[in-house]
Structure formats: structure tokens, C-alpha cells
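Next up, model39.txt (compact mmCIF, C-alpha atoms):
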```
# COMPACT_ATOMS: atom_id res chain seq x y z
CA MET D 1 20.21 21.84 -27.08
CA ALA D 2 19.70 18.24 -28.09
CA GLU D 3 17.31 16.05 -26.17
CA ARG D 4 16.55 12.38 -26.52
CA ILE D 5 13.02 11.39 -27.35
CA LEU D 6 11.38 8.06 -27.98
CA LYS D 7 10.95 7.20 -31.65
CA SER D 8 7.44 7.16 -33.01
CA GLU D 9 8.07 3.52 -33.95
CA PRO D 10 10.72 2.20 -31.57
CA ASP D 11 12.34 -1.10 -32.43
CA TRP D 12 11.51 -2.92 -29.20
CA PHE D 13 12.69 -6.27 -30.53
CA GLY D 14 16.06 -4.90 -31.61
CA ALA D 15 16.54 -3.12 -28.30
CA ALA D 16 15.62 -6.22 -26.30
CA GLN D 17 18.02 -8.30 -28.41
CA ALA D 18 20.84 -5.81 -27.80
CA LEU D 19 20.18 -5.87 -24.07
CA VAL D 20 20.26 -9.66 -23.99
CA GLU D 21 23.50 -9.74 -26.01
CA GLY D 22 25.00 -7.27 -23.55
CA LEU D 23 23.94 -9.35 -20.58
CA GLN D 24 25.31 -12.52 -22.15
CA ALA D 25 28.70 -10.89 -22.62
CA GLN D 26 29.12 -10.55 -18.86
CA SER D 27 30.42 -13.52 -16.93
CA THR D 28 29.21 -12.36 -13.52
CA LEU D 29 25.87 -11.31 -12.09
CA ASP D 30 27.37 -8.01 -10.97
CA GLY D 31 28.54 -7.42 -14.53
CA ARG D 32 24.98 -8.00 -15.72
CA VAL D 33 23.68 -5.52 -13.17
CA ASP D 34 26.20 -3.04 -14.61
CA VAL D 35 24.59 -3.55 -18.03
CA LEU D 36 21.05 -2.97 -16.74
CA GLU D 37 22.20 0.07 -14.80
CA ARG D 38 24.06 1.55 -17.78
CA VAL D 39 21.15 1.08 -20.19
CA CYS D 40 18.77 2.64 -17.69
CA LEU D 41 21.11 5.57 -17.04
CA ASP D 42 21.71 6.16 -20.74
CA LEU D 43 18.00 6.34 -21.47
CA GLY D 44 17.70 8.78 -18.58
CA GLU D 45 14.98 9.57 -16.09
CA VAL D 46 12.77 11.19 -18.70
CA LEU D 47 12.67 7.94 -20.64
CA TYR D 48 12.43 5.64 -17.62
CA PRO D 49 9.02 4.40 -18.84
CA GLY D 50 10.92 3.26 -21.92
CA PHE D 51 13.26 1.24 -19.74
CA ALA D 52 10.27 -0.42 -18.08
CA LYS D 53 8.82 -1.11 -21.52
CA LEU D 54 12.16 -2.55 -22.66
CA LEU D 55 11.94 -5.09 -19.84
CA ALA D 56 8.38 -5.81 -20.96
CA ALA D 57 9.70 -6.37 -24.49
CA VAL D 58 12.24 -8.88 -23.20
CA ASP D 59 9.38 -10.77 -21.61
CA HIS D 60 7.25 -10.57 -24.74
CA PHE D 61 9.93 -11.68 -27.20
CA GLY D 62 12.17 -13.79 -24.96
CA ASP D 63 12.11 -17.52 -24.37
CA GLN D 64 12.36 -18.88 -20.84
CA ALA D 65 16.18 -18.91 -20.84
CA VAL D 66 16.29 -15.24 -21.85
CA LYS D 67 13.77 -14.31 -19.17
CA ALA D 68 15.81 -16.20 -16.57
CA LEU D 69 18.99 -14.39 -17.67
CA VAL D 70 17.38 -11.00 -17.09
CA ALA D 71 15.52 -12.06 -13.94
CA ASP D 72 18.70 -13.42 -12.35
CA ALA D 73 20.37 -10.09 -13.03
CA LEU D 74 17.40 -8.30 -11.47
CA ALA D 75 17.69 -10.57 -8.42
CA GLN D 76 21.32 -9.56 -8.04
CA ALA D 77 20.33 -5.91 -8.47
CA LEU D 78 17.74 -6.30 -5.71
CA MET D 79 20.28 -8.06 -3.48
CA THR D 80 22.78 -5.25 -3.90
CA ALA D 81 20.28 -2.35 -3.84
CA ARG D 82 21.07 -1.53 -7.49
CA LEU D 83 17.66 -2.11 -9.03
CA PRO D 84 17.51 0.22 -12.07
CA SER D 85 15.26 2.97 -10.89
CA THR D 86 14.13 6.51 -11.42
CA ARG D 87 13.30 9.25 -8.97
CA LEU D 88 9.85 10.60 -8.22
CA PRO D 89 8.89 13.39 -5.84
CA ALA D 90 7.89 12.17 -2.41
CA TRP D 91 4.22 12.16 -1.48
CA GLY D 92 3.10 15.63 -0.47
CA ALA D 93 5.92 17.32 -2.34
CA GLY D 94 3.41 18.80 -4.78
CA GLY D 95 2.36 18.09 -8.35
CA PHE D 96 4.78 16.32 -10.64
CA ALA D 97 4.23 17.75 -14.09
CA GLY D 98 5.14 21.31 -14.89
CA LEU D 99 7.19 21.99 -11.79
CA GLY D 100 10.56 21.53 -13.27
CA GLY D 101 10.07 17.84 -13.83
CA LEU D 102 12.50 15.30 -12.54
CA ASP D 103 15.38 17.72 -12.72
CA GLY D 104 13.51 20.53 -11.01
CA PRO D 105 13.41 21.85 -7.47
CA LEU D 106 11.47 18.86 -6.20
CA ARG D 107 14.33 16.55 -6.97
CA THR D 108 15.83 16.98 -3.52
CA ASN D 109 12.60 15.63 -2.06
CA SER D 110 12.44 12.63 -4.34
CA ARG D 111 12.57 8.88 -3.88
CA ASN D 112 13.92 6.02 -5.93
CA VAL D 113 11.39 3.73 -7.55
CA GLY D 114 11.88 0.51 -9.44
CA PRO D 115 9.81 -0.40 -12.49
CA LEU D 116 6.87 -2.06 -10.74
CA GLU D 117 6.55 0.61 -8.05
CA PHE D 118 6.84 3.24 -10.80
CA LEU D 119 3.85 1.74 -12.60
CA CYS D 120 1.81 1.62 -9.36
CA VAL D 121 2.55 5.26 -8.61
CA TRP D 122 1.88 6.33 -12.20
CA LEU D 123 -1.47 4.55 -12.12
CA VAL D 124 -2.83 6.91 -9.50
CA ARG D 125 -0.61 9.95 -9.41
CA ASP D 126 0.37 12.77 -11.73
CA VAL D 127 3.68 11.41 -12.98
CA SER D 128 3.19 12.48 -16.58
CA ASP D 129 0.71 14.44 -18.64
CA GLU D 130 -0.21 11.10 -20.17
CA ALA D 131 -2.24 9.24 -17.58
CA LEU D 132 -1.53 5.54 -17.30
CA SER D 133 -4.75 3.68 -18.06
CA GLY D 134 -5.74 0.62 -16.09
CA GLU D 135 -5.44 -1.43 -19.28
CA ALA D 136 -1.90 -0.21 -19.98
CA PHE D 137 -0.96 -0.85 -16.37
CA GLU D 138 -2.29 -4.39 -16.54
CA THR D 139 -0.38 -5.15 -19.72
CA ALA D 140 2.90 -3.65 -18.53
CA ALA D 141 2.70 -5.06 -15.00
CA THR D 142 1.81 -8.51 -16.31
CA TYR D 143 4.92 -8.53 -18.48
CA LEU D 144 7.17 -7.29 -15.68
CA ILE D 145 5.84 -9.67 -13.05
CA ASP D 146 6.20 -12.55 -15.50
CA LEU D 147 9.77 -11.52 -16.29
CA VAL D 148 10.85 -11.22 -12.65
CA SER D 149 9.10 -14.49 -11.82
CA ALA D 150 11.45 -16.30 -14.20
CA SER D 151 13.79 -16.25 -11.21
CA PRO D 152 12.08 -17.41 -8.01
CA ARG D 153 14.81 -15.61 -6.09
CA ALA D 154 14.10 -12.35 -7.90
CA ALA D 155 10.37 -12.70 -7.27
CA ALA D 156 10.90 -13.36 -3.56
CA LEU D 157 13.29 -10.41 -3.26
CA TYR D 158 10.97 -8.08 -5.14
CA VAL D 159 8.01 -9.09 -2.96
CA ASP D 160 10.14 -8.46 0.13
CA LYS D 161 11.13 -5.04 -1.19
CA LEU D 162 7.52 -4.08 -1.89
CA ARG D 163 6.49 -5.23 1.59
CA ALA D 164 9.34 -3.30 3.17
CA ASP D 165 8.41 -0.15 1.24
CA ALA D 166 4.76 -0.51 2.19
CA GLY D 167 5.59 -1.10 5.84
CA ASP D 168 8.00 1.78 6.23
CA PRO D 169 6.13 4.86 7.50
CA THR D 170 9.15 7.10 6.87
CA GLU D 171 9.76 5.90 3.34
CA GLY D 172 8.06 8.98 1.88
CA LEU D 173 7.15 7.90 -1.64
CA HIS D 174 3.81 6.29 -0.97
CA ASN D 175 0.57 7.73 0.27
CA ALA D 176 -2.16 5.44 1.60
CA GLN D 177 -3.43 4.82 -1.92
CA THR D 178 -0.17 3.77 -3.54
CA ARG D 179 0.76 1.85 -0.39
CA ARG D 180 -2.43 -0.18 -0.82
CA LEU D 181 -1.48 -0.90 -4.41
CA ILE D 182 2.00 -2.20 -3.65
CA GLU D 183 0.63 -4.20 -0.71
CA THR D 184 -1.91 -5.78 -3.04
CA LEU D 185 0.81 -6.46 -5.59
CA ALA D 186 3.09 -8.09 -3.01
CA GLN D 187 0.31 -10.09 -1.39
CA ARG D 188 -1.16 -11.49 -4.62
CA TRP D 189 2.26 -12.19 -6.10
CA ALA D 190 3.43 -14.01 -2.97
CA ALA D 191 0.19 -16.02 -2.98
CA GLY D 192 1.15 -17.50 -6.31
CA GLU D 193 -1.48 -15.85 -8.50
CA THR D 194 -0.63 -15.53 -12.17
CA PRO D 195 1.00 -12.29 -13.32
CA ALA D 196 -2.21 -11.26 -15.09
CA GLU D 197 -4.28 -11.90 -11.97
CA VAL D 198 -1.88 -9.89 -9.83
CA ALA D 199 -1.88 -6.97 -12.27
CA ARG D 200 -5.68 -7.05 -12.54
CA ALA D 201 -6.07 -7.00 -8.75
CA VAL D 202 -3.87 -3.92 -8.49
CA ALA D 203 -5.71 -2.15 -11.31
CA ARG D 204 -9.04 -2.93 -9.64
CA ALA D 205 -7.79 -1.62 -6.30
CA ALA D 206 -6.83 1.63 -8.01
CA GLU D 207 -10.20 1.79 -9.72
CA ALA D 208 -11.97 1.23 -6.39
CA ASP D 209 -10.00 4.09 -4.88
CA ARG D 210 -10.98 6.34 -7.78
CA GLY D 211 -14.63 5.36 -7.20
CA ALA D 212 -14.39 6.19 -3.51
CA THR D 213 -12.92 9.58 -4.37
CA ARG D 214 -15.69 10.22 -6.89
CA TRP D 215 -18.25 9.67 -4.17
CA GLY D 216 -16.57 12.16 -1.91
CA LEU D 217 -14.45 9.84 0.19
CA PRO D 218 -10.94 11.21 -0.09
CA PRO D 219 -8.16 8.64 -0.13
CA ARG D 220 -6.34 8.53 3.16
CA MET V 1 8.61 30.15 -35.46
CA SER V 2 10.01 28.24 -32.56
CA THR V 3 8.02 26.57 -29.85
CA ILE V 4 8.89 27.15 -26.25
CA ARG V 5 8.49 24.15 -24.01
CA ILE V 6 8.57 24.60 -20.28
CA ASP V 7 8.66 20.88 -19.65
CA ALA V 8 11.70 20.13 -21.74
CA ASN V 9 13.31 17.96 -19.11
CA ALA V 10 10.21 16.39 -17.67
CA VAL V 11 8.60 13.07 -18.35
CA SER V 12 5.72 15.20 -19.53
CA GLY V 13 4.89 14.84 -23.20
CA VAL V 14 7.37 12.17 -24.09
CA TRP V 15 4.69 9.54 -24.26
CA THR V 16 1.95 11.65 -25.73
CA ARG V 17 -0.17 10.33 -28.55
CA GLY V 18 -1.89 12.44 -31.18
CA LEU V 19 1.39 13.92 -32.28
CA ASP V 20 -0.05 15.57 -35.33
CA SER V 21 -2.44 17.49 -33.17
CA ALA V 22 -2.81 21.19 -33.81
CA SER V 23 -2.54 21.80 -30.09
CA PRO V 24 0.40 24.12 -29.43
CA SER V 25 1.32 22.15 -26.36
CA ALA V 26 1.74 19.08 -28.51
CA ALA V 27 3.76 20.77 -31.20
CA GLY V 28 7.04 19.10 -31.91
CA ARG V 29 6.41 16.22 -29.58
CA GLN V 30 7.02 12.74 -30.77
CA GLY V 31 6.97 9.32 -29.31
CA GLN V 32 4.94 6.22 -28.99
CA ALA V 33 2.47 6.15 -26.12
CA PHE V 34 3.59 3.93 -23.26
CA GLY V 35 0.31 2.08 -23.30
CA ASP V 36 0.55 1.18 -26.97
CA PHE V 37 1.71 -2.42 -26.72
CA SER V 38 0.42 -3.20 -30.19
CA ALA V 39 3.94 -2.37 -31.38
CA PHE V 40 5.07 -5.64 -29.83
CA SER V 41 2.74 -7.67 -31.99
CA ARG V 42 3.68 -5.69 -35.10
CA GLN V 43 7.26 -6.86 -34.66
CA GLU V 44 8.04 -10.47 -35.37
CA GLY V 45 10.80 -12.48 -33.82
CA SER V 46 11.73 -14.36 -30.73
CA LEU V 47 14.71 -13.98 -28.49
CA SER V 48 16.91 -16.86 -27.46
CA LEU V 49 20.34 -17.02 -25.93
CA SER V 50 22.93 -16.87 -28.69
CA ALA V 51 26.63 -16.56 -29.32
CA ASN V 52 26.26 -12.85 -30.09
CA HIS V 53 27.78 -10.71 -27.37
CA ARG V 54 28.10 -6.94 -26.92
CA ASP V 55 30.25 -4.91 -24.60
CA LEU V 56 28.75 -2.34 -22.24
CA ASP V 57 29.15 0.67 -24.52
CA SER V 58 27.84 -1.15 -27.57
CA THR V 59 24.83 -2.41 -25.63
CA ALA V 60 23.86 1.01 -24.32
CA ARG V 61 24.36 2.58 -27.75
CA ALA V 62 22.38 -0.11 -29.56
CA VAL V 63 19.44 0.10 -27.15
CA SER V 64 19.41 3.85 -27.49
CA ASP V 65 19.63 3.69 -31.30
CA HIS V 66 16.72 1.26 -31.49
CA LEU V 67 14.46 3.30 -29.21
CA THR V 68 15.31 6.98 -29.41
CA ASP V 69 15.89 9.93 -31.68
CA THR V 70 17.69 13.13 -30.87
CA ARG V 71 16.18 16.48 -31.64
CA ASP V 72 16.93 20.09 -30.92
CA ASN V 73 14.58 21.34 -28.23
CA GLY V 74 15.19 24.98 -29.10
CA PHE V 75 17.18 25.80 -25.97
CA GLY V 76 20.86 26.66 -25.91
```
Mind turning the file's structure into C-alpha cells?
Amino acid sequence: MAERILKSEPDWFGAAQALVEGLQAQSTLDGRVDVLERVCLDLGEVLYPGFAKLLAAVDHFGDQAVKALVADALAQALMTARLPSTRLPAWGAGGFAGLGGLDGPLRTNSRNVGPLEFLCVWLVRDVSDEALSGEAFETAATYLIDLVSASPRAAALYVDKLRADAGDPTEGLHNAQTRRLIETLAQRWAAGETPAEVARAVARAAEADRGATRWGLPPR
Amino acid sequence: MSTIRIDANAVSGVWTRGLDSASPSAAGRQGQAFGDFSAFSRQEGSLSLSANHRDLDSTARAVSDHLTDTRDNGFG
């Protein structure tokens, strides 16, 4: 059976260029959301980190007009609850890796996560057998925050979404630790800190939690 | 000899580094690590809005072609 895997040397520039050309072909914001959704779906849940990295590549290679094109589409996606997302098992549903993965029995107890929430969860939970380092988180989150911030509307909507997720006790994805991370992200972002400062604050909050756990204080 | 993977559909392993490792669990895995952003600086170019447009199918196919390979996972 064939499966799709990431190349050992993916062409991030070429992929970002193709995405931008696809977005430009659409005359409406909803059409651009269709493009983001289709690209995300085609890569699949297994390669969702690749979708997040593709957005990071757009930020890295794109000029301000390109970033605004993508960010405006993300704003529309947030407005219409169509933010390209993947599914992760809810908190307390058990370990992630080796239990059938995203298509396994835990799928029914899973929650949708957008790219920034995905990175926050991956930073502290067992999403993959490759742990996400604080440094990788900072780099990826800085790119994504910068990209979304190209549209003030997208940034405001994303902050609102993060706050709503953090404040919803029945939401199910976040434990106290990941809730703290998305609260930190939303708070620092809304305060106008630079993307790098926001990402660093979240990484440090995660590191502080790891330190507390090391000293025998379990995360709540 | 074929390698049996129990995590064929999981995120697990897709982003693993050290792909030439002798570890059986790493056998056959490929892919750039998520955290390896040095690939961005190895690629030159800048993106601007242009007259080049793609339809939905072409966009999805091009993105996939630039980023992914297909391989037989030994099942089916």
C-alpha cells in the first residue's frame, strides 16, 4: 500500500510558490480558504506538521503582499470556522504514539487543532516520536505568528480563538499545561510583542513546567 | 526482508532524523525533521505576487510534488 512521506529535501520554496499561485487564482476569500483546506487535506493528518511548515515557508520567502494574501485567507478561515486543522486525541485519552495514531481508536475522542495550537500541544505532549524542541517551536511559532499578523484581522481572530479555547472547560484538548501555553501565546500576542518574543515566552513557560515536573511538582 | 511498521498511519516517524540509522525502528523511514529550518536558508528566492495562477487541483498536486514522495509501506 502506498503512503505519502515527506521528502528528505523538500522544496519548500516551490511548494510555497505553488500555494501562493493557487491563492491568487481565486477571486474570493472563500475560494482562498478552499485552497488552504484542499492543500491541507491532500497532505493529510500524518503530514500536518508539513502544512504548518509550508505556512512558515510562505512567511520566510514571501514579501509583505504575499503574507497579507495568506493571512487574509486565514482570517476568513477563522471567521468561518474552516481553519486548516488536524485532529489530536483529547487530554486524558491516553498516549498518542503507537496507539493506532491519528486513524486509530482514539480518533473518536479527538479534537481539531490549528497550526499554532498544534505546535503548543506538540511542545509538551507526546504527539510524535520526534519531540518538538523549544528551539524548533520558537522558530516555527515565530514564522506563523508573523504570517498571521500580516492581517490585523487574522491576528485578532486567532487571539480570540486561543482565548476561547483556553477559557472553555469542556473543550477537551488542553490540560492545565497546554492551556497555560495558549493563554501565554494569546496574552503576549495581544499585547503587541514581536512574534519572536511571543514564541520565546511560550517556550519558556513550557520549560518552566518541565522544571516543575522534574522537581516533583506534577503539572495540574 | 520486509520491515513491519505498526505506526504506518501515525505521525510517528515521519519527521525522524538519522534516517540511515541501523535501528530497526528507523528502517525505511525518510523525511526531513520538522525542526530543521536550515532548509529554508539553503533555498534561495523570494515570493511576490505574480501573474502566475493555478487552479485548485494543480495547486494541491504541485504542493504535494514539491514536498512528498510516495513509497510502498509493505501493507496490502
Might you pull out every residue within 9 Å of stretch 188-192 of chain D, with all atoms listed in the file counted and same-chain residues fewer than 3 positions away left off, and present them as an MDAnalysis selection string? chainID D and resid 145 155:156 159 183:185 195 197:199 201:202
Skip V:Asp72 itself and residues of its chain fewer than 4 positions away, then list as a PyMOL selection string all residues within 8 Å of it, counting all atoms listed in the file. chain D and resi 1-3
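Of the residues listed (D:Val148, D:Ala208, D:Leu132, D:Leu78), D:Leu132 shows the shortest atom-to-atom separation from chain V; distances use all atoms listed in the file.
Using all atoms listed in the file, the nearest neighbour of chain V within the list D:Asp59, D:Ala136, D:Ser85, D:Ala131 is D:Ala136.
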Extending 5 Å beyond the listed atoms of stretch 12-19 of chain D on each side, what axis-aligned box results? I want centre and edge lengths in Å to one decimal, as JSON.
```
{"center_x": 16.2, "center_y": -5.6, "center_z": -27.8, "size_x": 19.3, "size_y": 15.4, "size_z": 17.5}
```
